[in-house]
file model39.txt (compact mmCIF, C-alpha atoms (C1' of nucleotides))
# COMPACT_ATOMS: atom_id res chain seq x y z
CA MET A 66 -11.21 -2.65 -7.20
CA PRO A 67 -9.05 -0.37 -9.34
CA LYS A 68 -8.78 -1.68 -12.89
CA ASN A 69 -5.06 -1.24 -13.25
CA LYS A 70 -2.07 0.10 -11.47
CA ALA A 71 -1.84 3.15 -13.68
CA ASP A 72 -4.91 4.49 -11.94
CA LEU A 73 -3.39 4.19 -8.52
CA LEU A 74 -1.58 7.01 -6.84
CA GLN A 75 0.70 4.61 -5.05
CA GLY A 76 1.60 6.58 -2.03
CA THR A 77 1.88 9.94 -3.71
CA LEU A 78 -1.43 11.37 -2.60
CA ASP A 79 -0.06 13.42 0.28
CA MET A 80 2.70 14.81 -1.88
CA LEU A 81 0.23 15.76 -4.59
CA ILE A 82 -2.09 17.48 -2.16
CA LEU A 83 0.76 19.40 -0.56
CA LYS A 84 2.07 20.34 -3.96
CA ALA A 85 -1.33 21.56 -5.09
CA LEU A 86 -1.59 23.71 -1.98
CA SER A 87 1.92 25.04 -2.42
CA LEU A 88 0.59 26.91 -5.45
CA GLY A 89 -1.92 28.70 -3.25
CA GLU A 90 -4.74 28.25 -0.80
CA LEU A 91 -7.50 26.03 -2.09
CA HIS A 92 -10.59 24.14 -1.02
CA GLY A 93 -10.91 20.37 -1.12
CA TYR A 94 -12.84 19.97 -4.33
CA GLY A 95 -10.50 22.44 -5.99
CA ILE A 96 -7.50 20.33 -5.03
CA ILE A 97 -8.92 17.44 -7.02
CA GLN A 98 -9.43 19.67 -10.03
CA ARG A 99 -6.02 21.25 -9.77
CA ILE A 100 -4.26 17.90 -9.64
CA ARG A 101 -6.25 16.59 -12.57
CA GLN A 102 -5.56 19.67 -14.59
CA LEU A 103 -1.84 19.88 -13.80
CA SER A 104 -1.36 16.23 -14.68
CA ASP A 105 -3.10 16.61 -18.04
CA GLU A 106 -6.03 14.51 -16.83
CA MET A 107 -3.72 11.61 -16.04
CA LEU A 108 -4.26 11.66 -12.29
CA SER A 109 -7.66 11.71 -10.72
CA VAL A 110 -7.95 11.83 -6.96
CA GLU A 111 -11.23 10.41 -5.70
CA GLN A 112 -13.24 12.29 -3.12
CA GLY A 113 -13.20 9.24 -0.90
CA SER A 114 -9.42 9.45 -0.92
CA LEU A 115 -9.08 13.18 -0.64
CA TYR A 116 -11.20 14.10 2.35
CA PRO A 117 -9.79 11.51 4.73
CA ALA A 118 -6.33 12.45 3.52
CA LEU A 119 -6.96 16.14 4.19
CA TYR A 120 -8.13 15.30 7.68
CA ARG A 121 -5.04 13.22 8.31
CA ILE A 122 -2.78 15.92 6.88
CA GLU A 123 -4.44 18.59 8.96
CA GLN A 124 -3.95 16.48 12.11
CA LYS A 125 -0.26 16.35 11.32
CA GLY A 126 -0.15 20.11 11.09
CA TRP A 127 0.86 20.28 7.46
CA VAL A 128 -2.16 22.33 6.49
CA SER A 129 -4.51 24.66 8.27
CA ALA A 130 -8.17 24.85 7.38
CA ARG A 131 -10.86 27.49 7.59
CA TRP A 132 -14.37 27.83 6.25
CA ASP A 133 -14.90 30.66 3.87
CA ILE A 134 -17.00 31.79 0.97
CA HIS A 135 -15.27 31.84 -2.37
CA GLU A 136 -15.87 33.99 -5.39
CA THR A 137 -18.77 31.89 -6.62
CA GLY A 138 -20.58 32.67 -3.39
CA ARG A 139 -20.50 29.11 -2.13
CA GLU A 140 -19.15 27.98 1.19
CA ALA A 141 -16.09 25.83 1.16
CA LYS A 142 -13.33 24.72 3.46
CA PHE A 143 -10.05 26.29 2.46
CA TYR A 144 -6.74 24.64 3.13
CA LYS A 145 -3.43 26.39 3.39
CA LEU A 146 0.04 24.91 3.52
CA THR A 147 1.83 25.53 6.81
CA ARG A 148 5.55 25.97 7.21
CA SER A 149 5.70 22.40 8.47
CA GLY A 150 3.71 21.30 5.44
CA ARG A 151 6.15 22.95 3.09
CA LYS A 152 8.94 21.07 4.80
CA GLN A 153 6.99 17.84 4.50
CA LEU A 154 6.48 18.46 0.80
CA GLU A 155 10.21 18.74 0.34
CA THR A 156 10.75 15.54 2.25
CA GLU A 157 8.19 13.64 0.24
CA GLU A 158 9.55 14.96 -3.03
CA ALA A 159 13.02 13.83 -2.04
CA SER A 160 11.71 10.39 -1.13
CA TRP A 161 9.90 10.14 -4.41
CA ASP A 162 13.01 11.14 -6.34
CA ARG A 163 14.96 8.55 -4.43
CA LEU A 164 12.46 5.86 -5.22
CA CYS A 165 12.34 6.78 -8.90
CA LEU A 166 16.11 6.73 -9.07
CA ALA A 167 16.32 3.33 -7.42
CA ILE A 168 13.65 1.88 -9.70
CA ALA A 169 15.39 3.35 -12.72
CA LYS A 170 18.64 1.71 -11.70
CA VAL A 171 16.99 -1.69 -11.49
CA ARG A 172 15.27 -1.17 -14.81
CA GLN A 173 18.49 -0.16 -16.53
CA ALA A 174 20.04 -3.54 -15.79
CA THR A 175 20.59 -5.81 -18.72
CA MET B 96 5.51 0.01 10.71
CA PRO B 97 7.80 1.32 7.98
CA LYS B 98 9.80 4.30 9.16
CA ASN B 99 9.42 6.46 6.10
CA LYS B 100 8.03 6.42 2.61
CA ALA B 101 11.43 6.13 1.01
CA ASP B 102 11.53 2.58 2.26
CA LEU B 103 8.28 1.65 0.63
CA LEU B 104 8.10 0.02 -2.74
CA GLN B 105 4.78 1.68 -3.47
CA GLY B 106 3.24 -0.80 -5.81
CA THR B 107 6.38 -1.64 -7.68
CA LEU B 108 7.13 -4.98 -6.05
CA ASP B 109 5.73 -7.13 -8.82
CA MET B 110 7.53 -5.09 -11.44
CA LEU B 111 10.82 -5.39 -9.59
CA ILE B 112 10.47 -9.14 -9.19
CA LEU B 113 9.59 -9.61 -12.84
CA LYS B 114 12.45 -7.38 -13.85
CA ALA B 115 14.91 -9.30 -11.69
CA LEU B 116 13.76 -12.54 -13.29
CA SER B 117 13.96 -11.06 -16.77
CA LEU B 118 17.73 -11.07 -16.31
CA GLY B 119 17.69 -14.82 -15.78
CA GLU B 120 16.24 -17.61 -13.68
CA LEU B 121 16.70 -17.11 -9.98
CA HIS B 122 15.57 -18.40 -6.61
CA GLY B 123 13.59 -16.39 -4.10
CA TYR B 124 16.34 -15.30 -1.81
CA GLY B 125 18.44 -14.41 -4.82
CA ILE B 126 15.73 -12.10 -6.11
CA ILE B 127 16.00 -10.05 -2.94
CA GLN B 128 19.74 -9.80 -3.33
CA ARG B 129 19.58 -8.95 -7.00
CA ILE B 130 17.11 -6.14 -6.44
CA ARG B 131 19.16 -4.74 -3.59
CA GLN B 132 22.33 -4.92 -5.60
CA LEU B 133 20.89 -3.46 -8.79
CA SER B 134 19.38 -0.55 -6.88
CA ASP B 135 22.66 0.24 -5.15
CA GLU B 136 21.26 -0.89 -1.80
CA MET B 137 18.42 1.61 -2.05
CA LEU B 138 15.64 -0.94 -2.31
CA SER B 139 15.30 -3.84 0.04
CA VAL B 140 12.50 -6.32 -0.41
CA GLU B 141 11.57 -8.12 2.79
CA GLN B 142 11.12 -11.87 2.82
CA GLY B 143 7.63 -11.42 4.21
CA SER B 144 6.80 -9.41 1.10
CA LEU B 145 8.62 -11.52 -1.42
CA TYR B 146 7.36 -15.03 -0.82
CA PRO B 147 3.66 -14.19 -0.80
CA ALA B 148 4.26 -12.05 -3.89
CA LEU B 149 6.00 -14.91 -5.68
CA TYR B 150 3.12 -17.21 -4.87
CA ARG B 151 0.64 -14.68 -6.20
CA ILE B 152 2.69 -14.08 -9.30
CA GLU B 153 3.02 -17.78 -9.97
CA GLN B 154 -0.75 -18.20 -9.66
CA LYS B 155 -1.16 -15.60 -12.35
CA GLY B 156 1.14 -17.53 -14.62
CA TRP B 157 3.81 -14.86 -14.86
CA VAL B 158 6.52 -17.13 -13.52
CA SER B 159 7.07 -20.86 -13.36
CA ALA B 160 8.82 -22.48 -10.42
CA ARG B 161 10.85 -25.61 -9.87
CA TRP B 162 12.97 -26.96 -7.07
CA ASP B 163 16.59 -27.45 -7.91
CA ILE B 164 20.03 -27.54 -6.39
CA HIS B 165 22.24 -24.58 -7.18
CA GLU B 166 25.99 -24.31 -7.44
CA THR B 167 26.48 -24.01 -3.69
CA GLY B 168 24.88 -27.41 -3.28
CA ARG B 169 21.81 -26.10 -1.49
CA GLU B 170 18.24 -26.69 -2.50
CA ALA B 171 16.22 -23.73 -3.64
CA LYS B 172 13.09 -22.93 -5.58
CA PHE B 173 13.94 -21.41 -8.93
CA TYR B 174 11.64 -19.02 -10.68
CA LYS B 175 11.57 -18.30 -14.37
CA LEU B 176 9.74 -15.60 -16.26
CA THR B 177 7.07 -16.91 -18.62
CA ARG B 178 6.08 -15.31 -21.88
CA SER B 179 3.03 -13.95 -20.12
CA GLY B 180 5.26 -12.62 -17.35
CA ARG B 181 7.41 -10.78 -19.84
CA LYS B 182 4.29 -9.17 -21.24
CA GLN B 183 3.18 -8.23 -17.74
CA LEU B 184 6.54 -6.66 -17.05
CA GLU B 185 6.13 -4.44 -20.10
CA THR B 186 2.66 -3.45 -18.97
CA GLU B 187 3.82 -2.59 -15.47
CA GLU B 188 6.77 -0.63 -16.74
CA ALA B 189 4.49 1.37 -18.99
CA SER B 190 2.16 2.09 -16.07
CA TRP B 191 5.07 3.17 -13.95
CA ASP B 192 6.34 5.48 -16.67
CA ARG B 193 2.89 6.94 -17.00
CA LEU B 194 2.64 7.58 -13.29
CA CYS B 195 6.09 9.15 -13.13
CA LEU B 196 5.26 11.40 -16.03
CA ALA B 197 2.00 12.52 -14.46
CA ILE B 198 3.67 13.21 -11.13
CA ALA B 199 6.43 15.11 -12.84
CA LYS B 200 3.90 17.30 -14.60
CA VAL B 201 2.25 18.22 -11.34
CA ARG B 202 5.58 18.90 -9.73
CA GLN B 203 6.70 21.16 -12.55
CA ALA B 204 3.85 23.53 -11.87
CA THR B 205 4.77 26.89 -10.46
C1' DG C 56 31.90 -28.07 19.71
C1' DT C 57 28.87 -24.71 19.64
C1' DA C 58 27.14 -20.13 18.84
C1' DT C 59 26.13 -17.01 15.30
C1' DG C 60 25.00 -15.04 11.00
C1' DA C 61 23.92 -15.85 6.30
C1' DT C 62 21.22 -18.48 3.29
C1' DG C 63 16.80 -20.40 2.09
C1' DC C 64 11.76 -21.33 2.60
C1' DC C 65 7.26 -20.18 4.67
C1' DT C 66 2.91 -18.23 7.32
C1' DA C 67 -0.03 -15.20 10.27
C1' DC C 68 -1.20 -10.93 11.34
C1' DC C 69 -1.17 -5.85 11.16
C1' DG C 70 -1.06 -0.90 9.57
C1' DT C 71 -1.44 2.20 5.90
C1' DT C 72 -3.36 3.73 1.92
C1' DT C 73 -6.76 4.45 -1.39
C1' DC C 74 -10.65 2.80 -3.45
C1' DT C 75 -15.90 2.09 -3.99
C1' DA C 76 -20.21 3.33 -2.61
C1' DG C 77 -23.02 5.59 -0.29
C1' DG C 78 -25.07 10.11 1.99
C1' DT C 79 -26.17 15.34 2.11
C1' DA C 80 -26.73 19.97 0.16
C1' DT C 81 -26.40 23.95 -3.08
C1' DC C 82 -26.09 26.02 -7.57
C1' DG C 83 -26.66 26.84 -12.61
C1' DT C 84 -28.59 25.45 -16.85
C1' DG C 85 -31.62 23.42 -20.12
C1' DC D 245 -38.05 20.81 -12.56
C1' DA D 246 -34.48 17.61 -13.60
C1' DC D 247 -29.82 17.00 -13.85
C1' DG D 248 -24.94 17.61 -13.62
C1' DA D 249 -21.43 20.03 -11.38
C1' DT D 250 -19.85 21.65 -7.15
C1' DA D 251 -18.93 20.87 -2.28
C1' DC D 252 -18.59 18.25 1.98
C1' DC D 253 -18.43 13.76 4.50
C1' DT D 254 -18.31 8.57 6.23
C1' DA D 255 -18.21 3.46 6.22
C1' DG D 256 -16.40 -0.48 4.57
C1' DA D 257 -13.32 -3.13 1.88
C1' DA D 258 -9.40 -4.30 -0.97
C1' DA D 259 -4.60 -4.16 -1.87
C1' DC D 260 -0.10 -3.89 -0.48
C1' DG D 261 3.91 -4.48 1.98
C1' DG D 262 5.76 -4.71 6.50
C1' DT D 263 6.79 -7.09 11.14
C1' DA D 264 7.44 -11.08 13.52
C1' DG D 265 7.53 -15.41 13.97
C1' DG D 266 8.96 -20.48 12.61
C1' DC D 267 12.03 -24.01 10.39
C1' DA D 268 16.29 -25.87 8.33
C1' DT D 269 21.09 -25.88 6.50
C1' DC D 270 25.77 -24.21 6.09
C1' DA D 271 30.22 -21.74 7.03
C1' DT D 272 32.81 -19.33 10.18
C1' DA D 273 34.41 -17.72 14.49
C1' DC D 274 35.17 -18.28 19.24
call {"tool": "encode", "arguments": {"input": "model39.txt", "output": "structure tokens"}}
result
Amino acid sequence: MPKNKADLLQGTLDMLILKALSLGELHGYGIIQRIRQLSDEMLSVEQGSLYPALYRIEQKGWVSARWDIHETGREAKFYKLTRSGRKQLETEEASWDRLCLAIAKVRQAT
Amino acid sequence: MPKNKADLLQGTLDMLILKALSLGELHGYGIIQRIRQLSDEMLSVEQGSLYPALYRIEQKGWVSARWDIHETGREAKFYKLTRSGRKQLETEEASWDRLCLAIAKVRQAT
DNA sequence: GTATGATGCCTACCGTTTCTAGGTATCGTG
DNA sequence: CACGATACCTAGAAACGGTAGGCATCATAC
């Protein structure tokens, strides 16, 4: 059980993964690191969340995957954003903006 | 099944309920209306989400409830934020801010 | 007068999401 | 050689919010 809500990604996992991949092809483990790094260590995606998510995202055609060997000489599965994935990222970002705006409006109320 | 993510509250339901009640005592159905109105119709909490949430929130001591008759002459269950609930609201708002900030950082990346 | 929609409460069940907790293997470093 | 980091994966469970139903009252429209 997650300790507190701040640790939860609350529906943003797909968007984060797509965003991470929009900066360039990457393998699974690297996605986790990139998200953690970009968020100043505030977000940490668990492996148990990531891999099923990647599978799901691949099924939807938002990323394509291939096995390759990266510079360290190790094998890894590389994911690349597809055109459809880029579109999905935009959609999810718009939804997120919309949600944030709506929440902000409620919170503004006095 | 929810049509799209924009419709989802993504973990903010409790915060929204507490916020709505922070503006004054209110009955269940009224909470739904207040949230919808404050968010400019962008957020709509379903009854099937609200009532179980209110029960849960009451169990945690964040709100107190009493049956009463409101101005229209109808009976309704009125909920009031407790001191503990006000504290919880602050906590949840801080978590939300933290999440938004983290997401924003990732999204800024080029 | 009665049908209908809004108000008002509730429950049971379901789908999605993300977590925890495990497993496997390789690599570099102390 | 042990150990942590890297790299992949799955199973199971918890949390959350939705759908879909039920019940009752009230005002309005037909």
call {"tool": "residues_around", "arguments": {"input": "model39.txt", "residues": "DG56 in chain C", "least_positions_apart": "2", "cutoff": "12 Å", "atoms": "only C-alpha atoms (C1' of nucleotides)", "output": "ChimeraX atom specification"}}
result
/C:58 /D:273-274
call {"tool": "atom_distance", "arguments": {"input": "model39.txt", "atom1": "CA of Arg181 in chain B", "atom2": "CA of Glu153 in chain B"}}
result
12.9 Å
call {"tool": "atom_distance", "arguments": {"input": "model39.txt", "atom1": "CA of Ala171 in chain B", "atom2": "CA of Leu121 in chain B"}}
result
9.2 Å
call {"tool": "atom_distance", "arguments": {"input": "model39.txt", "atom1": "C1' of DT59 in chain C", "atom2": "C1' of DG266 in chain D"}}
result
17.7 Å
call {"tool": "interface_residues", "arguments": {"input": "model39.txt", "of": "chain A", "to": "chain B", "cutoff": "8 Å", "atoms": "all atoms listed in the file", "output": "PyMOL selection string"}}
result
chain A and resi 70-71+74-76+81+84-85+88+100+103-105+107-108+157+160-161+163-165+167-168+170-172+174-175
call {"tool": "residues_around", "arguments": {"input": "model39.txt", "residues": "range 127-132 of chain A", "least_positions_apart": "3", "cutoff": "7 Å", "atoms": "only C-alpha atoms (C1' of nucleotides)", "output": "VMD selection string"}}
result
chain A and resid 122 to 123 140 to 147 149 to 150
call {"tool": "residues_near_point", "arguments": {"input": "model39.txt", "point": "(-25.3, 21.4, -3.8)", "cutoff": "9 Å", "atoms": "only C-alpha atoms (C1' of nucleotides)", "output": "list of chain:residue names"}}
result
C:DT79, C:DA80, C:DT81, C:DC82, D:DA249, D:DT250, D:DA251
call {"tool": "interface_residues", "arguments": {"input": "model39.txt", "of": "chain C", "to": "chain B", "cutoff": "9 Å", "atoms": "only C-alpha atoms (C1' of nucleotides)", "output": "MDAnalysis selection string"}}
result
chainID C and resid 62:66 69:71
call {"tool": "closest_residue", "arguments": {"input": "model39.txt", "among": "B:Gly168, B:Gln154, B:Gln183, B:Gln128", "to": "chain D", "atoms": "all atoms listed in the file"}}
result
B:Gly168
call {"tool": "closest_atom_pairs", "arguments": {"input": "model39.txt", "of": "chain D", "to": "chain B", "cutoff": "10 Å", "atoms": "only C-alpha atoms (C1' of nucleotides)", "output": "Markdown table"}}
result
| residue | atom | partner | partner_atom | distance |
| --- | --- | --- | --- | --- |
| D:DA259 | C1' | B:Gly106 | CA | 9.4 |
| D:DC260 | C1' | B:Gly106 | CA | 7.0 |
| D:DG261 | C1' | B:Ser144 | CA | 5.8 |
| D:DG262 | C1' | B:Met96 | CA | 6.3 |
| D:DT263 | C1' | B:Met96 | CA | 7.2 |
| D:DA264 | C1' | B:Gly143 | CA | 9.3 |
| D:DT269 | C1' | B:Arg169 | CA | 8.0 |
| D:DC270 | C1' | B:Arg169 | CA | 8.8 |
call {"tool": "write_last_selection", "arguments": {"input": "model39.txt", "atoms": "C-alpha atoms (C1' of nucleotides)", "output": "PDB file, keeping the file's coordinate frame"}}
result
ATOM      1  C1'  DA D 259      -4.600  -4.160  -1.870  1.00  0.00           C
ATOM      2  C1'  DC D 260      -0.100  -3.890  -0.480  1.00  0.00           C
ATOM      3  C1'  DG D 261       3.910  -4.480   1.980  1.00  0.00           C
ATOM      4  C1'  DG D 262       5.760  -4.710   6.500  1.00  0.00           C
ATOM      5  C1'  DT D 263       6.790  -7.090  11.140  1.00  0.00           C
ATOM      6  C1'  DA D 264       7.440 -11.080  13.520  1.00  0.00           C
ATOM      7  C1'  DT D 269      21.090 -25.880   6.500  1.00  0.00           C
ATOM      8  C1'  DC D 270      25.770 -24.210   6.090  1.00  0.00           C
TER       9       DC D 270
END
call {"tool": "build_atoms", "arguments": {"input": "model39.txt", "residues": "range 176-202 of chain B", "atoms": "N, CA and C atoms", "output": "JSON list (two decimals), keeping the file's coordinate frame"}}
result
[["chain", "number", "residue", "atom", "x", "y", "z"],
["B", 176, "LEU", "N", 10.76, -16.43, -15.63],
["B", 176, "LEU", "CA", 9.74, -15.60, -16.26],
["B", 176, "LEU", "C", 9.09, -16.36, -17.41],
["B", 177, "THR", "N", 7.76, -16.32, -17.47],
["B", 177, "THR", "CA", 7.07, -16.91, -18.62],
["B", 177, "THR", "C", 6.87, -15.84, -19.68],
["B", 178, "ARG", "N", 6.37, -16.27, -20.82],
["B", 178, "ARG", "CA", 6.08, -15.31, -21.88],
["B", 178, "ARG", "C", 5.07, -14.29, -21.36],
["B", 179, "SER", "N", 4.06, -14.81, -20.71],
["B", 179, "SER", "CA", 3.03, -13.95, -20.12],
["B", 179, "SER", "C", 3.62, -12.98, -19.09],
["B", 180, "GLY", "N", 4.61, -13.47, -18.35],
["B", 180, "GLY", "CA", 5.26, -12.62, -17.35],
["B", 180, "GLY", "C", 6.04, -11.49, -18.00],
["B", 181, "ARG", "N", 6.64, -11.80, -19.12],
["B", 181, "ARG", "CA", 7.41, -10.78, -19.84],
["B", 181, "ARG", "C", 6.47, -9.68, -20.34],
["B", 182, "LYS", "N", 5.32, -10.12, -20.79],
["B", 182, "LYS", "CA", 4.29, -9.17, -21.24],
["B", 182, "LYS", "C", 3.84, -8.30, -20.07],
["B", 183, "GLN", "N", 3.62, -8.94, -18.95],
["B", 183, "GLN", "CA", 3.18, -8.23, -17.74],
["B", 183, "GLN", "C", 4.21, -7.20, -17.32],
["B", 184, "LEU", "N", 5.46, -7.59, -17.40],
["B", 184, "LEU", "CA", 6.54, -6.66, -17.05],
["B", 184, "LEU", "C", 6.46, -5.40, -17.91],
["B", 185, "GLU", "N", 6.25, -5.60, -19.19],
["B", 185, "GLU", "CA", 6.13, -4.44, -20.10],
["B", 185, "GLU", "C", 4.96, -3.56, -19.69],
["B", 186, "THR", "N", 3.84, -4.20, -19.39],
["B", 186, "THR", "CA", 2.66, -3.45, -18.97],
["B", 186, "THR", "C", 2.94, -2.64, -17.70],
["B", 187, "GLU", "N", 3.57, -3.28, -16.74],
["B", 187, "GLU", "CA", 3.82, -2.59, -15.47],
["B", 187, "GLU", "C", 4.84, -1.47, -15.64],
["B", 188, "GLU", "N", 5.79, -1.69, -16.50],
["B", 188, "GLU", "CA", 6.77, -0.63, -16.74],
["B", 188, "GLU", "C", 6.10, 0.57, -17.41],
["B", 189, "ALA", "N", 5.20, 0.28, -18.32],
["B", 189, "ALA", "CA", 4.49, 1.37, -18.99],
["B", 189, "ALA", "C", 3.63, 2.14, -17.99],
["B", 190, "SER", "N", 2.98, 1.43, -17.09],
["B", 190, "SER", "CA", 2.16, 2.09, -16.07],
["B", 190, "SER", "C", 3.02, 2.97, -15.18],
["B", 191, "TRP", "N", 4.15, 2.43, -14.81],
["B", 191, "TRP", "CA", 5.07, 3.17, -13.95],
["B", 191, "TRP", "C", 5.54, 4.44, -14.64],
["B", 192, "ASP", "N", 5.89, 4.31, -15.91],
["B", 192, "ASP", "CA", 6.34, 5.48, -16.67],
["B", 192, "ASP", "C", 5.24, 6.54, -16.70],
["B", 193, "ARG", "N", 4.04, 6.05, -16.92],
["B", 193, "ARG", "CA", 2.89, 6.94, -17.00],
["B", 193, "ARG", "C", 2.69, 7.69, -15.68],
["B", 194, "LEU", "N", 2.80, 6.96, -14.60],
["B", 194, "LEU", "CA", 2.64, 7.58, -13.29],
["B", 194, "LEU", "C", 3.74, 8.62, -13.04],
["B", 195, "CYS", "N", 4.96, 8.23, -13.35],
["B", 195, "CYS", "CA", 6.09, 9.15, -13.13],
["B", 195, "CYS", "C", 5.91, 10.42, -13.94],
["B", 196, "LEU", "N", 5.47, 10.25, -15.16],
["B", 196, "LEU", "CA", 5.26, 11.40, -16.03],
["B", 196, "LEU", "C", 4.20, 12.33, -15.45],
["B", 197, "ALA", "N", 3.10, 11.74, -15.02],
["B", 197, "ALA", "CA", 2.00, 12.52, -14.46],
["B", 197, "ALA", "C", 2.46, 13.28, -13.21],
["B", 198, "ILE", "N", 3.17, 12.58, -12.35],
["B", 198, "ILE", "CA", 3.67, 13.21, -11.13],
["B", 198, "ILE", "C", 4.61, 14.35, -11.48],
["B", 199, "ALA", "N", 5.46, 14.10, -12.44],
["B", 199, "ALA", "CA", 6.43, 15.11, -12.84],
["B", 199, "ALA", "C", 5.73, 16.37, -13.36],
["B", 200, "LYS", "N", 4.66, 16.16, -14.08],
["B", 200, "LYS", "CA", 3.90, 17.30, -14.60],
["B", 200, "LYS", "C", 3.35, 18.15, -13.46],
["B", 201, "VAL", "N", 2.79, 17.48, -12.49],
["B", 201, "VAL", "CA", 2.25, 18.22, -11.34],
["B", 201, "VAL", "C", 3.37, 18.96, -10.62],
["B", 202, "ARG", "N", 4.50, 18.29, -10.49],
["B", 202, "ARG", "CA", 5.58, 18.90, -9.73],
["B", 202, "ARG", "C", 6.22, 20.08, -10.44]]
